[in-house]
Every structure is written in C-alpha cells, then in structure tokens.
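Visitor: So that you have it, the file is upload.cif, and it contains mmCIF, C-alpha atoms:
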data_final
loop_
_atom_site.label_atom_id
_atom_site.label_comp_id
_atom_site.auth_asym_id
_atom_site.auth_seq_id
_atom_site.Cartn_x
_atom_site.Cartn_y
_atom_site.Cartn_z
CA MET A 1 12.58 -12.67 30.40
CA ALA A 2 13.90 -10.73 27.41
CA THR A 3 16.35 -7.94 28.07
CA LYS A 4 15.68 -4.35 27.01
CA PRO A 5 17.99 -4.62 23.94
CA GLU A 6 16.27 -7.87 22.90
CA GLN A 7 12.86 -6.21 23.17
CA ASP A 8 14.05 -3.18 21.22
CA ILE A 9 15.56 -5.21 18.39
CA ALA A 10 12.41 -7.32 18.10
CA GLN A 11 10.29 -4.16 18.00
CA LEU A 12 12.62 -2.56 15.46
CA GLU A 13 12.20 -5.53 13.13
CA ILE A 14 8.38 -5.34 13.41
CA LEU A 15 8.34 -1.60 12.83
CA LEU A 16 10.62 -1.84 9.83
CA ARG A 17 8.33 -4.38 8.16
CA GLN A 18 5.36 -2.13 8.91
CA LEU A 19 7.19 0.91 7.54
CA GLU A 20 8.01 -0.88 4.30
CA LYS A 21 4.33 -1.78 3.79
CA GLU A 22 3.18 1.74 4.59
CA TYR A 23 5.63 3.30 2.13
CA ASP A 24 4.54 0.79 -0.53
CA LYS A 25 0.96 2.00 -0.10
CA PHE A 26 2.06 5.63 -0.12
CA PHE A 27 4.03 5.35 -3.34
CA CYS A 28 1.33 3.25 -5.05
CA GLY A 29 -1.08 6.09 -4.39
CA LEU A 30 -3.11 4.27 -1.74
CA GLU A 31 -2.26 6.68 1.07
CA CYS A 32 -1.91 10.44 0.82
CA ARG A 33 0.55 10.95 3.70
CA GLU A 34 3.99 9.60 4.45
CA PRO A 35 4.15 7.15 7.39
CA THR A 36 6.10 9.59 9.56
CA ALA A 37 4.84 8.20 12.87
CA THR A 38 6.14 4.71 12.11
CA GLU A 39 9.42 6.04 10.74
CA ASN A 40 9.94 8.18 13.83
CA ALA A 41 9.42 5.10 15.98
CA VAL A 42 12.08 3.26 13.94
CA LEU A 43 14.53 6.14 14.25
CA ALA A 44 13.94 6.44 18.00
CA ILE A 45 15.15 2.87 18.53
CA VAL A 46 18.03 3.21 16.08
CA ARG A 47 19.31 6.42 17.67
CA SER A 48 19.03 5.06 21.19
CA TYR A 49 21.88 2.62 20.43
CA VAL A 50 24.17 4.96 18.51
CA GLY A 51 27.54 4.98 20.30
CA ARG A 52 26.41 2.20 22.62
CA PRO A 53 27.98 -1.10 21.48
CA MET A 54 25.85 -4.08 22.43
CA GLN A 55 27.39 -6.65 24.73
CA ASN A 56 25.63 -9.48 22.91
CA PRO A 57 27.35 -10.02 19.51
CA THR A 58 24.28 -11.71 18.04
CA LEU A 59 22.05 -8.76 18.94
CA GLY A 60 24.71 -6.37 17.67
CA PHE A 61 24.82 -8.13 14.32
CA LYS A 62 21.03 -8.13 14.01
CA TYR A 63 20.84 -4.45 14.96
CA ASN A 64 23.44 -3.53 12.32
CA SER A 65 21.61 -5.62 9.71
CA LEU A 66 18.31 -3.88 10.44
CA VAL A 67 19.94 -0.45 10.31
CA ALA A 68 21.55 -1.31 6.97
CA ARG A 69 18.17 -2.48 5.69
CA TYR A 70 16.54 0.76 6.80
CA ASN A 71 19.28 2.85 5.16
CA SER A 72 18.81 0.92 1.91
CA PHE A 73 15.06 1.54 1.99
CA ARG A 74 15.59 5.19 2.88
CA THR A 75 17.75 5.71 -0.23
CA VAL A 76 14.94 4.37 -2.43
CA TRP A 77 12.25 6.30 -0.57
CA THR A 78 14.19 9.57 -0.84
CA ARG A 79 14.45 9.18 -4.60
CA LYS A 80 10.74 8.40 -4.91
CA LEU A 81 9.84 11.34 -2.69
CA ARG A 82 11.86 13.62 -4.93
CA GLU A 83 9.86 12.37 -7.91
CA LYS A 84 6.63 12.96 -6.00
CA GLU A 85 7.65 16.50 -5.09
CA GLU A 86 8.19 17.14 -8.79
CA GLY A 87 4.52 16.40 -9.29
CA ARG A 88 4.90 13.02 -10.97
CA ALA A 89 3.37 10.69 -8.38
CA SER A 90 -0.20 9.56 -7.77
CA GLY A 91 -2.77 9.95 -5.00
CA LEU A 92 -5.88 8.10 -3.98
CA GLY A 93 -9.21 9.31 -2.67
CA VAL A 94 -11.96 7.29 -1.03
CA ALA A 95 -15.39 8.28 -2.27
CA ARG A 96 -18.74 7.74 -0.64
CA PRO A 97 -20.35 4.28 -0.81
CA VAL A 98 -22.09 3.49 -4.07
CA ALA A 99 -24.55 0.73 -4.93
CA LEU A 100 -23.98 -0.82 -8.35
CA PRO A 101 -26.39 -3.03 -10.34
CA ARG A 102 -24.05 -6.03 -10.33
CA ALA A 103 -24.07 -9.37 -8.56
CA GLU A 104 -22.37 -9.51 -5.19
CA PRO A 105 -18.68 -10.50 -5.53
CA ARG A 106 -17.48 -13.33 -3.32
CA HIS A 107 -14.03 -14.75 -3.95
CA ALA A 108 -13.13 -13.29 -7.33
CA ALA A 109 -13.04 -9.92 -9.02
CA GLN A 110 -15.97 -8.85 -11.18
CA SER A 111 -15.40 -7.99 -14.83
CA THR A 112 -16.23 -4.45 -15.86
CA ALA A 113 -16.64 -2.91 -19.31
CA ASN A 114 -13.99 -0.32 -18.46
CA PRO A 115 -10.42 -1.70 -18.14
CA GLY A 116 -9.72 1.20 -15.79
CA GLU A 117 -12.17 -0.22 -13.24
CA TYR A 118 -11.50 -3.04 -10.81
CA LEU A 119 -14.22 -4.45 -8.55
CA SER A 120 -12.53 -6.54 -5.89
CA SER A 121 -13.21 -8.39 -2.68
CA ASP A 122 -9.69 -9.81 -2.25
CA PRO A 123 -6.88 -8.62 -4.59
CA LEU A 124 -4.46 -11.23 -3.22
CA HIS A 125 -6.56 -14.02 -4.77
CA GLU A 126 -7.35 -12.28 -8.07
CA PRO A 127 -4.00 -12.37 -9.95
CA ARG A 128 -5.41 -12.22 -13.49
CA HIS A 129 -7.59 -9.20 -12.76
CA ILE A 130 -4.92 -7.38 -10.75
CA GLU A 131 -2.39 -7.80 -13.57
CA GLN A 132 -4.81 -6.35 -16.12
CA PHE A 133 -5.64 -3.42 -13.84
CA PHE A 134 -1.97 -2.83 -13.05
CA GLU A 135 -1.14 -2.66 -16.77
CA THR A 136 -3.87 -0.05 -17.29
CA TYR A 137 -2.53 1.95 -14.35
CA ARG A 138 1.05 1.72 -15.63
CA ARG A 139 0.06 2.66 -19.18
CA LEU A 140 -1.84 5.76 -18.05
CA ARG A 141 1.17 6.85 -15.98
CA GLU A 142 3.41 6.43 -19.01
CA GLU A 143 1.02 8.45 -21.18
CA SER A 144 1.00 11.19 -18.52
CA GLY A 145 4.80 11.30 -18.40
CA GLU A 146 4.90 9.92 -14.86
CA PRO A 147 7.65 7.49 -13.74
CA THR A 148 6.89 3.77 -13.97
CA ALA A 149 10.33 2.14 -13.63
CA THR A 150 9.88 1.43 -9.91
CA LEU A 151 6.32 0.10 -10.17
CA ARG A 152 5.96 -3.59 -9.33
CA VAL A 153 2.75 -5.58 -9.67
CA GLU A 154 3.51 -7.47 -6.44
CA SER A 155 3.77 -4.29 -4.36
CA PHE A 156 0.75 -2.83 -6.15
CA GLN A 157 -1.28 -5.96 -5.36
CA LYS A 158 -0.32 -6.04 -1.68
CA ALA A 159 -1.02 -2.35 -1.24
CA LEU A 160 -4.43 -2.66 -2.92
CA ALA A 161 -5.27 -5.68 -0.78
CA GLU A 162 -4.60 -3.79 2.44
CA LYS A 163 -6.62 -0.80 1.20
CA VAL A 164 -9.55 -2.98 0.14
CA GLU A 165 -9.62 -4.76 3.50
CA LYS A 166 -9.48 -1.45 5.35
CA ILE A 167 -12.39 0.03 3.37
CA LYS A 168 -14.47 -3.15 3.72
CA ARG A 169 -13.87 -3.17 7.47
CA GLU A 170 -14.59 0.53 7.99
CA GLN A 171 -17.53 0.82 5.58
CA GLY A 172 -19.07 -2.61 6.15
CA CYS A 173 -19.24 -3.22 2.40
CA ASP A 174 -18.98 -6.35 0.27
CA ALA A 175 -16.15 -5.20 -1.96
CA VAL A 176 -14.45 -2.11 -3.34
CA LEU A 177 -14.65 -0.56 -6.79
CA ILE A 178 -11.34 1.04 -7.75
CA ARG A 179 -10.97 3.33 -10.75
CA VAL A 180 -7.78 4.60 -12.32
CA THR A 181 -8.13 8.03 -13.89
CA SER A 182 -5.77 10.55 -15.45
CA GLU A 183 -6.48 14.25 -14.98
CA GLN A 184 -4.23 17.20 -15.78
CA GLY A 185 -1.22 14.98 -16.27
CA ARG A 186 -1.64 13.07 -12.99
CA THR A 187 -2.80 9.50 -12.57
CA ARG A 188 -5.08 8.82 -9.62
CA LEU A 189 -6.79 5.84 -8.03
CA VAL A 190 -10.28 6.39 -6.61
CA ALA A 191 -11.90 3.75 -4.39
CA LYS A 192 -15.65 3.41 -3.81
CA PRO A 193 -17.12 0.96 -1.27
CA PHE A 194 -19.44 -1.51 -3.01
CA ARG A 195 -22.75 -2.65 -1.55
CA ARG A 196 -25.31 -4.90 -3.15
CA PRO A 197 -28.61 -3.04 -3.62
CA VAL A 198 -31.08 -3.94 -0.85
CA LYS A 199 -34.14 -5.77 -2.14
CA PRO A 200 -37.53 -4.61 -0.85
CA PRO A 201 -39.33 -6.95 1.60
CA GLY A 202 -41.34 -9.66 -0.08
CA SER A 203 -39.40 -9.56 -3.37
CA SER A 204 -38.28 -12.83 -4.93
CA ALA A 205 -34.64 -13.95 -4.66
#
Represent the structure from my file as structure tokens, please.
Guide:
Amino acid sequence: MATKPEQDIAQLEILLRQLEKEYDKFFCGLECREPTATENAVLAIVRSYVGRPMQNPTLGFKYNSLVARYNSFRTVWTRKLREKEEGRASGLGVARPVALPRAEPRHAAQSTANPGEYLSSDPLHEPRHIEQFFETYRRLREESGEPTATLRVESFQKALAEKVEKIKREQGCDAVLIRVTSEQGRTRLVAKPFRRPVKPPGSSA
C-alpha cells in the first residue's frame, strides 16, 4: 500500500498537469476564470511538505522537481496575467445553440466562407483547418495591438479540442462553430453549438 507521501506526490503530479491545461485554456480565451481551485489544491500539497524533509530520497527528488516545474509555470502565468490585467488578453463566450444549413460534420472540419469561422467536431484531427484559424486569430490580435509572442498553435489546438468536447457533451450537439471577432480593440472567440436541422417526418433523405 502506498504511503501518504507517495499518494501526495502522485496527486501533485496529476494536479499540476491539470493546472497546466486549465491555464492554457484560460490564456487562449477558452475560459473566463483562472483555475484557482486546482492551483489551491497544488499549493496545499506543496506547503504541507515545506520544512519536512522526506525520508525517501527518490520521493524527495520528485517532489523538488514538481515544485520547480510549478514555479517555472507560475513565472510565465504571472507575466501573462499582468498582460491580461492591462486589457490585452481575450475571452470566450458560449452562445445558444444554432442550426446551420450545412451538412453534418463527422471527422473533419467544414469549410466556411469566413476565415474567422471554424466549424469543428474534433480539432485534434483537423490540423490544416486549425492552423488556418489560428493564423486568423493571431493576425486579429496583432491588428488590435494585443500580445501574440506567447501564442502557440499546439496549445491553441489542445485548448479548443477540450472546449469543443465539453460543449458537445453538455449541449448534445454534432459539432461547434467557433468565430473569432475583434471589438473595441479586443479579440474574442465565440462558440456556438452546431446541430443539423431536423427534417420533417416523411421527407426524403
């Protein structure tokens, strides 16, 4: 049976991975609030071992490595938060479901006439479309005077994928239509659950 320190270190590693994902979504504009609950859980474990050297050298090394990793992330997050407080970061809203006159997406993104729109069922398997959408998002941020140096298409893609899956699960929709807009000097992402229009009974396929 695992000891209490072993359980805590394992939990700390899980929480730290979760915290990194949640901050990625926050800074990409996919969540409107900081992940304070997860970060508090990380800090609770970290602080519980301050001034208490671990008897197991292997656990002690892993604990120190995880703390160093958290501190490194925290430095980056603090800088990004400062930028956000200066009014240069994005947000995302989830609108009500909308039915669009397009074919139902299955495993690939649908093309749209507007490069600032992205209809997706699984961003992780739509690299060409996500790259095009990311470039539109990045360009609009540049034009608005918002920072873009820390934006990465990989983080953007993973954050969008988690948001799309969450909306599909909660709304019971086929896919998600995401728009990037720029208003009053701020770039925003707006997500709308996508549902194929229901055909009346007796209509042909």
Visitor: With distances taken over all atoms listed in the file, which of A:Cys173, A:Leu81, A:Ile14, A:Ile9 is nearest to Tyr49 in chain A?
Guide: A:Ile9
Visitor: Determine, counting all atoms listed in the file, which protein, DNA and RNA residues have an atom within 8 Å of an atom of Leu59 in chain A; residues of the same chain fewer than 2 positions away are not included. Present the result as an NGL selection string.
Guide: :A and (5-6 or 9 or 54 or 56-57 or 61-63)
Visitor: Name all residues at most 12 Å from Gln11 in chain A (count only C-alpha atoms; drop same-chain ones fewer than 3 positions away) and give them as a short mmCIF file (atom, residue, chain, number, x, y, z; two decimals) with C-alpha atoms, in the frame of the given file.
Guide:
data_model
loop_
_atom_site.label_atom_id
_atom_site.label_comp_id
_atom_site.auth_asym_id
_atom_site.auth_seq_id
_atom_site.Cartn_x
_atom_site.Cartn_y
_atom_site.Cartn_z
CA LYS A 4 15.68 -4.35 27.01
CA PRO A 5 17.99 -4.62 23.94
CA GLU A 6 16.27 -7.87 22.90
CA GLN A 7 12.86 -6.21 23.17
CA ASP A 8 14.05 -3.18 21.22
CA ILE A 14 8.38 -5.34 13.41
CA LEU A 15 8.34 -1.60 12.83
CA LEU A 16 10.62 -1.84 9.83
CA ARG A 17 8.33 -4.38 8.16
CA GLN A 18 5.36 -2.13 8.91
CA THR A 38 6.14 4.71 12.11
CA ALA A 41 9.42 5.10 15.98
CA VAL A 42 12.08 3.26 13.94
CA LEU A 43 14.53 6.14 14.25
CA ALA A 44 13.94 6.44 18.00
CA ILE A 45 15.15 2.87 18.53
CA VAL A 46 18.03 3.21 16.08
CA TYR A 63 20.84 -4.45 14.96
CA LEU A 66 18.31 -3.88 10.44
#
Visitor: Check what the PyMOL selection byres ((chain A and resi 22-35) around 9) selects in the file above and give those residues as number ranges by chain.
Guide: A: 17-21, 36-40, 77, 80-81, 84, 89-93, 151, 155-156, 158-160, 162-163, 188-190
Visitor: May I have the selected residues written with C-alpha atoms, as a compact mmCIF listing (two decimals), in the coordinates of the input?
Guide:
# COMPACT_ATOMS: atom_id res chain seq x y z
CA ARG A 17 8.33 -4.38 8.16
CA GLN A 18 5.36 -2.13 8.91
CA LEU A 19 7.19 0.91 7.54
CA GLU A 20 8.01 -0.88 4.30
CA LYS A 21 4.33 -1.78 3.79
CA THR A 36 6.10 9.59 9.56
CA ALA A 37 4.84 8.20 12.87
CA THR A 38 6.14 4.71 12.11
CA GLU A 39 9.42 6.04 10.74
CA ASN A 40 9.94 8.18 13.83
CA TRP A 77 12.25 6.30 -0.57
CA LYS A 80 10.74 8.40 -4.91
CA LEU A 81 9.84 11.34 -2.69
CA LYS A 84 6.63 12.96 -6.00
CA ALA A 89 3.37 10.69 -8.38
CA SER A 90 -0.20 9.56 -7.77
CA GLY A 91 -2.77 9.95 -5.00
CA LEU A 92 -5.88 8.10 -3.98
CA GLY A 93 -9.21 9.31 -2.67
CA LEU A 151 6.32 0.10 -10.17
CA SER A 155 3.77 -4.29 -4.36
CA PHE A 156 0.75 -2.83 -6.15
CA LYS A 158 -0.32 -6.04 -1.68
CA ALA A 159 -1.02 -2.35 -1.24
CA LEU A 160 -4.43 -2.66 -2.92
CA GLU A 162 -4.60 -3.79 2.44
CA LYS A 163 -6.62 -0.80 1.20
CA ARG A 188 -5.08 8.82 -9.62
CA LEU A 189 -6.79 5.84 -8.03
CA VAL A 190 -10.28 6.39 -6.61
Visitor: Would you mind reading off the distance between CA of Thr148 in chain A and CA of Phe134 in chain A, one decimal, in Å?
Guide: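 Going from CA of Thr148 in chain A over to CA of Phe134 in chain A, I get 11.1 Å.
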Visitor: Considering only C-alpha atoms, can you say which of A:Ser48, A:Arg74, A:Val176, A:Gln55 comes closest to Glu117 in chain A?
Guide: A:Val176
Visitor: For CA of Leu177 in chain A and CA of Pro127 in chain A, quote the distance in Å rounded to one decimal.
Guide: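 According to the coordinates, CA of Leu177 in chain A and CA of Pro127 in chain A are separated by 16.2 Å.
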Visitor: Rounded to one decimal place, report the CA of Val67 in chain A-CA of Ala161 in chain A distance in Å.
Guide: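 Computing it gives 28.0 Å between the two atoms.
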